[in-house]
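Since the structure comes first, as structure tokens, the remarks are kept for the end.
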Amino acid sequence: MRETHAVYSRKTKVMLGICWALLLLLAALMVFPAIYIILGSFKSNAELLVGGTKIFPSEWRVDNYTEAWQQANFARYTLNSVFLAVGVMVLSLISSTMAGYVFSRKEFRGKTLIYSLFLAFMFINVGSVSLRPLFELAVKLKMNKSLLSVVFISAGTGQATYIFLARGFVDSLPRELDEAAKIDGCTFVQIYRMVILPLLKPVIATIALLSFRQGWNEYILPLVFTMTNESMRPLTVGVNMLKNAGDGTAAWNIMFAGATIAIVPMLVVYCFFGRYFMSGMSAGAVKG
């Protein structure tokens, strides 16, 4: 019996060791690009173009950040990115929590079909195919000269995942809460506003974090909608333009410095709200 237990114990340790090794490998693969960009932002452009296996710069150049800040209108770009990210976050929170509540608690014709279509779009991405019709629609609505159109489009494309999380969380709440509120005279909307919504804090934090990241990292849509208006560009588009700041060659060191500046706000957001992320993800995925 002891020998069998010892064999199982050794197998368990071996499996744990393999799991840890795989997790460390995945973590290294995910962290390496960020480390490469941050360290590359302190290198000269010639050193980056030569390449090689040396990760640390031979000479630390802090002036790359000064050049990046001066050559790009970072103050304006930052405000545009904040407007885009916050706008996408607010719209996503309002629409996804309300839709999740309706799909969970309301019975209506076509409910299963509509929700199935939402779930299908979690796995279907039309990508750049939809850019032209969306841009033409924005032109006809006279919204192509504002980032507001990008906010609406970006918020709409992420709804499937957020509605799935919100509905799963609402499904996990006891229906006795709704019945007690109905006895007290609450309407369907009042139950959502006064009973359900305060209980959605974990999944609200998760949706807020995901949607803020989605808006902050949006690139293709702002690139298309801000081609003729430089003042509308967010950081993702503005940083990429820094690549052309060099004399005849791509200024990768300047672009890396700008990219490092651009990722700082997201790191700050994750530091403050990251602890709510996993709890909301697991709570919102209890039921589908």
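Residue numbering restarts at 1 in every chain; chains get A, B, ... in the order shown in the structure tokens, and ligands count up from 1 in that same order.
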
Give me the stretch 123-239 of chain A side of the contact with stretch 106-118 of chain A, cut-off 12 Å, one line per residue showing its nearest atom pair and distance in Å at one decimal, counting only C-alpha atoms, sorted by chain and residue number, as a Markdown table.
| residue | atom | partner | partner_atom | distance |
| --- | --- | --- | --- | --- |
| A:Phe123 | CA | A:Phe118 | CA | 9.6 |
| A:Ile124 | CA | A:Phe118 | CA | 10.0 |
| A:Gly156 | CA | A:Phe118 | CA | 11.2 |
| A:Thr157 | CA | A:Phe118 | CA | 10.4 |
| A:Gly158 | CA | A:Phe118 | CA | 10.1 |
| A:Gln159 | CA | A:Phe118 | CA | 7.9 |
| A:Ala160 | CA | A:Phe118 | CA | 5.0 |
| A:Thr161 | CA | A:Phe118 | CA | 8.2 |
| A:Tyr162 | CA | A:Phe118 | CA | 10.1 |
| A:Ile163 | CA | A:Phe118 | CA | 8.1 |
| A:Phe164 | CA | A:Phe118 | CA | 8.2 |
| A:Leu165 | CA | A:Phe118 | CA | 11.9 |
| A:Arg167 | CA | A:Tyr115 | CA | 10.1 |
| A:Val170 | CA | A:Lys106 | CA | 11.6 |
| A:Asp171 | CA | A:Lys106 | CA | 11.5 |
| A:Arg175 | CA | A:Lys106 | CA | 11.8 |
| A:Asp178 | CA | A:Lys106 | CA | 11.5 |
| A:Phe188 | CA | A:Lys106 | CA | 8.9 |
| A:Val189 | CA | A:Lys106 | CA | 11.1 |
| A:Tyr192 | CA | A:Lys106 | CA | 11.4 |

Export of prior selection with N, CA, C and O atoms as a compact mmCIF listing (two decimals), in the first residue's frame:
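That gives us out35.txt:
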# COMPACT_ATOMS: atom_id res chain seq x y z
N PHE A 123 -17.37 33.47 -32.02
CA PHE A 123 -16.40 32.66 -32.75
C PHE A 123 -16.25 33.10 -34.20
O PHE A 123 -15.39 32.59 -34.91
N ILE A 124 -17.10 34.02 -34.67
CA ILE A 124 -17.04 34.51 -36.05
C ILE A 124 -16.55 35.95 -36.04
O ILE A 124 -17.13 36.79 -35.35
N GLY A 156 -20.03 47.74 -30.27
CA GLY A 156 -20.95 46.75 -30.81
C GLY A 156 -20.29 45.42 -31.14
O GLY A 156 -20.91 44.36 -30.99
N THR A 157 -19.04 45.45 -31.55
CA THR A 157 -18.38 44.21 -31.96
C THR A 157 -18.02 43.29 -30.79
O THR A 157 -17.78 42.10 -31.00
N GLY A 158 -17.98 43.81 -29.58
CA GLY A 158 -17.60 42.98 -28.44
C GLY A 158 -18.76 42.53 -27.57
O GLY A 158 -18.54 41.92 -26.52
N GLN A 159 -19.98 42.81 -28.02
CA GLN A 159 -21.14 42.55 -27.17
C GLN A 159 -21.38 41.08 -26.88
O GLN A 159 -21.87 40.72 -25.82
N ALA A 160 -21.08 40.20 -27.84
CA ALA A 160 -21.41 38.78 -27.67
C ALA A 160 -20.77 38.20 -26.41
O ALA A 160 -21.43 37.56 -25.59
N THR A 161 -19.47 38.44 -26.25
CA THR A 161 -18.76 37.91 -25.08
C THR A 161 -19.28 38.53 -23.79
O THR A 161 -19.49 37.82 -22.78
N TYR A 162 -19.51 39.84 -23.80
CA TYR A 162 -19.95 40.52 -22.59
C TYR A 162 -21.36 40.09 -22.18
O TYR A 162 -21.65 39.93 -20.99
N ILE A 163 -22.25 39.91 -23.16
CA ILE A 163 -23.61 39.45 -22.87
C ILE A 163 -23.58 38.02 -22.31
O ILE A 163 -24.33 37.69 -21.38
N PHE A 164 -22.71 37.19 -22.86
CA PHE A 164 -22.55 35.82 -22.36
C PHE A 164 -22.14 35.83 -20.89
O PHE A 164 -22.69 35.08 -20.07
N LEU A 165 -21.18 36.67 -20.53
CA LEU A 165 -20.73 36.75 -19.14
C LEU A 165 -21.83 37.30 -18.24
O LEU A 165 -22.07 36.78 -17.14
N ARG A 167 -25.15 37.34 -18.71
CA ARG A 167 -26.27 36.41 -18.56
C ARG A 167 -25.90 35.25 -17.62
O ARG A 167 -26.71 34.82 -16.79
N VAL A 170 -26.17 36.53 -14.07
CA VAL A 170 -27.56 36.73 -13.64
C VAL A 170 -28.24 35.38 -13.42
O VAL A 170 -29.04 35.22 -12.49
N ASP A 171 -27.93 34.38 -14.25
CA ASP A 171 -28.50 33.05 -14.07
C ASP A 171 -28.12 32.44 -12.73
O ASP A 171 -28.87 31.63 -12.17
N ARG A 175 -33.76 33.42 -8.17
CA ARG A 175 -34.94 34.12 -8.67
C ARG A 175 -35.85 34.60 -7.54
O ARG A 175 -36.77 35.39 -7.77
N ASP A 178 -36.01 38.32 -7.33
CA ASP A 178 -36.95 38.97 -8.23
C ASP A 178 -38.38 38.89 -7.70
O ASP A 178 -39.13 39.88 -7.74
N PHE A 188 -40.21 45.33 -13.86
CA PHE A 188 -39.10 44.56 -14.43
C PHE A 188 -37.83 45.42 -14.49
O PHE A 188 -36.73 44.96 -14.18
N VAL A 189 -37.98 46.68 -14.90
CA VAL A 189 -36.83 47.60 -14.99
C VAL A 189 -36.31 47.95 -13.60
O VAL A 189 -35.09 48.03 -13.38
N TYR A 192 -34.13 45.27 -12.18
CA TYR A 192 -32.78 45.33 -12.74
C TYR A 192 -31.96 46.42 -12.08
O TYR A 192 -30.81 46.20 -11.68

Could you name the residues that touch A:Gln71 at 10 Å or less, counting only C-alpha atoms, but leaving out those on the same chain fewer than 6 positions away, as a ChimeraX atom specification? /A:65,241-242,245,254,258

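For the residues A:Ala21, A:Leu131, A:Leu200, A:Cys186, ranking by smallest atom-to-atom distance to A:Ser172 using only C-alpha atoms places A:Leu200 first.
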
Please give the complete set of residues from stretch 107-143 of chain A that DSSP, run on the backbone, assigns to helix (DSSP H, G or I), formatted as number ranges by chain. A: 111-120, 127-140

Would you give me, as JSON lines, each residue of stretch 205-251 of chain A having an atom within 9 Å of an atom of stretch 88-93 of chain A, along with its shortest atom pair and that distance in Å to one decimal, using only C-alpha atoms and sorting by chain and residue number?
{"residue": "A:Ile207", "atom": "CA", "partner": "A:Leu93", "partner_atom": "CA", "distance": 6.6}
{"residue": "A:Ala208", "atom": "CA", "partner": "A:Met89", "partner_atom": "CA", "distance": 5.5}
{"residue": "A:Leu209", "atom": "CA", "partner": "A:Met89", "partner_atom": "CA", "distance": 7.9}
{"residue": "A:Leu210", "atom": "CA", "partner": "A:Met89", "partner_atom": "CA", "distance": 8.1}
{"residue": "A:Ser211", "atom": "CA", "partner": "A:Met89", "partner_atom": "CA", "distance": 4.9}
{"residue": "A:Phe212", "atom": "CA", "partner": "A:Met89", "partner_atom": "CA", "distance": 5.1}
{"residue": "A:Arg213", "atom": "CA", "partner": "A:Met89", "partner_atom": "CA", "distance": 8.6}
{"residue": "A:Gln214", "atom": "CA", "partner": "A:Val88", "partner_atom": "CA", "distance": 7.8}
{"residue": "A:Gly215", "atom": "CA", "partner": "A:Val88", "partner_atom": "CA", "distance": 5.7}
{"residue": "A:Trp216", "atom": "CA", "partner": "A:Val88", "partner_atom": "CA", "distance": 9.0}

Selection near A:Leu197, 10 Å with only C-alpha atoms, sequence-local residues under 3 positions removed, as a ChimeraX atom specification: /A:97-98,101,170,190-194,200-201,204

Atom CA of A:Val203 to atom CA of A:Gly100, straight-line distance in Å: 11.0 Å

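Comparing the minimum interatomic distances between A:Ser104 and each of A:Ala181, A:Phe256, A:Gly168, A:Leu22, counting only C-alpha atoms, we find that A:Gly168 sits nearest.
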
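Minimum atom-to-atom distance to A:Val224, evaluated using only C-alpha atoms, belongs to A:Val237 out of A:Val237, A:Ala85, A:Val151, A:Met143.
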
Measuring atom to atom with only C-alpha atoms, identify which of A:Leu221, A:Ala166, A:Ala34, A:Ala27 is nearest to A:Ile263. A:Ala34

Show which residues sit within 9 Å of A:Thr236, as a PDB file with N, CA, C and O atoms, in the first residue's frame. Count only C-alpha atoms, and ignore same-chain residues fewer than 3 positions away.
ATOM      1  N   TYR A  77      -3.221  62.655 -28.410  1.00  0.00           N
ATOM      2  CA  TYR A  77      -3.453  61.244 -28.681  1.00  0.00           C
ATOM      3  C   TYR A  77      -3.941  60.506 -27.430  1.00  0.00           C
ATOM      4  O   TYR A  77      -4.798  59.613 -27.511  1.00  0.00           O
ATOM      5  N   SER A  81      -7.416  58.477 -26.936  1.00  0.00           N
ATOM      6  CA  SER A  81      -7.464  57.077 -26.500  1.00  0.00           C
ATOM      7  C   SER A  81      -8.334  56.910 -25.267  1.00  0.00           C
ATOM      8  O   SER A  81      -9.078  55.930 -25.149  1.00  0.00           O
ATOM      9  N   TRP A 216      -8.894  50.719 -25.916  1.00  0.00           N
ATOM     10  CA  TRP A 216      -7.545  51.296 -25.864  1.00  0.00           C
ATOM     11  C   TRP A 216      -6.647  50.706 -26.952  1.00  0.00           C
ATOM     12  O   TRP A 216      -5.810  51.408 -27.527  1.00  0.00           O
ATOM     13  N   ASN A 217      -6.814  49.420 -27.256  1.00  0.00           N
ATOM     14  CA  ASN A 217      -5.959  48.747 -28.235  1.00  0.00           C
ATOM     15  C   ASN A 217      -6.507  48.800 -29.656  1.00  0.00           C
ATOM     16  O   ASN A 217      -5.880  48.251 -30.564  1.00  0.00           O
ATOM     17  N   GLU A 218      -7.664  49.410 -29.856  1.00  0.00           N
ATOM     18  CA  GLU A 218      -8.269  49.477 -31.194  1.00  0.00           C
ATOM     19  C   GLU A 218      -7.314  50.189 -32.152  1.00  0.00           C
ATOM     20  O   GLU A 218      -6.803  51.265 -31.849  1.00  0.00           O
ATOM     21  N   TYR A 219      -7.096  49.575 -33.320  1.00  0.00           N
ATOM     22  CA  TYR A 219      -6.133  50.160 -34.276  1.00  0.00           C
ATOM     23  C   TYR A 219      -6.718  50.350 -35.679  1.00  0.00           C
ATOM     24  O   TYR A 219      -6.651  51.448 -36.234  1.00  0.00           O
ATOM     25  N   PRO A 222      -9.737  53.124 -35.944  1.00  0.00           N
ATOM     26  CA  PRO A 222      -9.246  54.508 -35.858  1.00  0.00           C
ATOM     27  C   PRO A 222      -8.327  54.882 -37.016  1.00  0.00           C
ATOM     28  O   PRO A 222      -8.328  56.035 -37.460  1.00  0.00           O
ATOM     29  N   LEU A 223      -7.540  53.922 -37.506  1.00  0.00           N
ATOM     30  CA  LEU A 223      -6.649  54.212 -38.631  1.00  0.00           C
ATOM     31  C   LEU A 223      -7.439  54.617 -39.866  1.00  0.00           C
ATOM     32  O   LEU A 223      -7.101  55.582 -40.557  1.00  0.00           O
ATOM     33  N   ARG A 233      -6.478  61.043 -34.000  1.00  0.00           N
ATOM     34  CA  ARG A 233      -5.790  59.766 -33.830  1.00  0.00           C
ATOM     35  C   ARG A 233      -5.619  59.391 -32.360  1.00  0.00           C
ATOM     36  O   ARG A 233      -5.218  60.223 -31.553  1.00  0.00           O
ATOM     37  N   VAL A 239       1.359  56.209 -32.358  1.00  0.00           N
ATOM     38  CA  VAL A 239       2.641  55.551 -32.079  1.00  0.00           C
ATOM     39  C   VAL A 239       3.191  54.897 -33.336  1.00  0.00           C
ATOM     40  O   VAL A 239       4.392  54.951 -33.607  1.00  0.00           O
ATOM     41  N   ASN A 240       2.322  54.272 -34.126  1.00  0.00           N
ATOM     42  CA  ASN A 240       2.781  53.624 -35.352  1.00  0.00           C
ATOM     43  C   ASN A 240       3.352  54.630 -36.343  1.00  0.00           C
ATOM     44  O   ASN A 240       4.271  54.306 -37.109  1.00  0.00           O
ATOM     45  N   ALA A 259       5.546  53.315 -27.881  1.00  0.00           N
ATOM     46  CA  ALA A 259       4.724  52.162 -27.497  1.00  0.00           C
ATOM     47  C   ALA A 259       4.816  51.892 -26.006  1.00  0.00           C
ATOM     48  O   ALA A 259       3.829  51.535 -25.360  1.00  0.00           O
ATOM     49  N   ALA A 262       2.648  54.255 -24.293  1.00  0.00           N
ATOM     50  CA  ALA A 262       1.238  53.966 -24.539  1.00  0.00           C
ATOM     51  C   ALA A 262       0.709  52.813 -23.680  1.00  0.00           C
ATOM     52  O   ALA A 262      -0.493  52.775 -23.379  1.00  0.00           O
TER      53      ALA A 262
END

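Comparing A:Ile38, A:Met15, A:Ala75, A:Phe225 by their smallest distance to A:Glu136, the closest is A:Phe225 (using only C-alpha atoms).
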
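With only C-alpha atoms as the atoms that count, the residue of A:Phe152, A:Ser146, A:Asp184, A:Ile261 with the shortest distance to A:Leu134 is A:Phe152.
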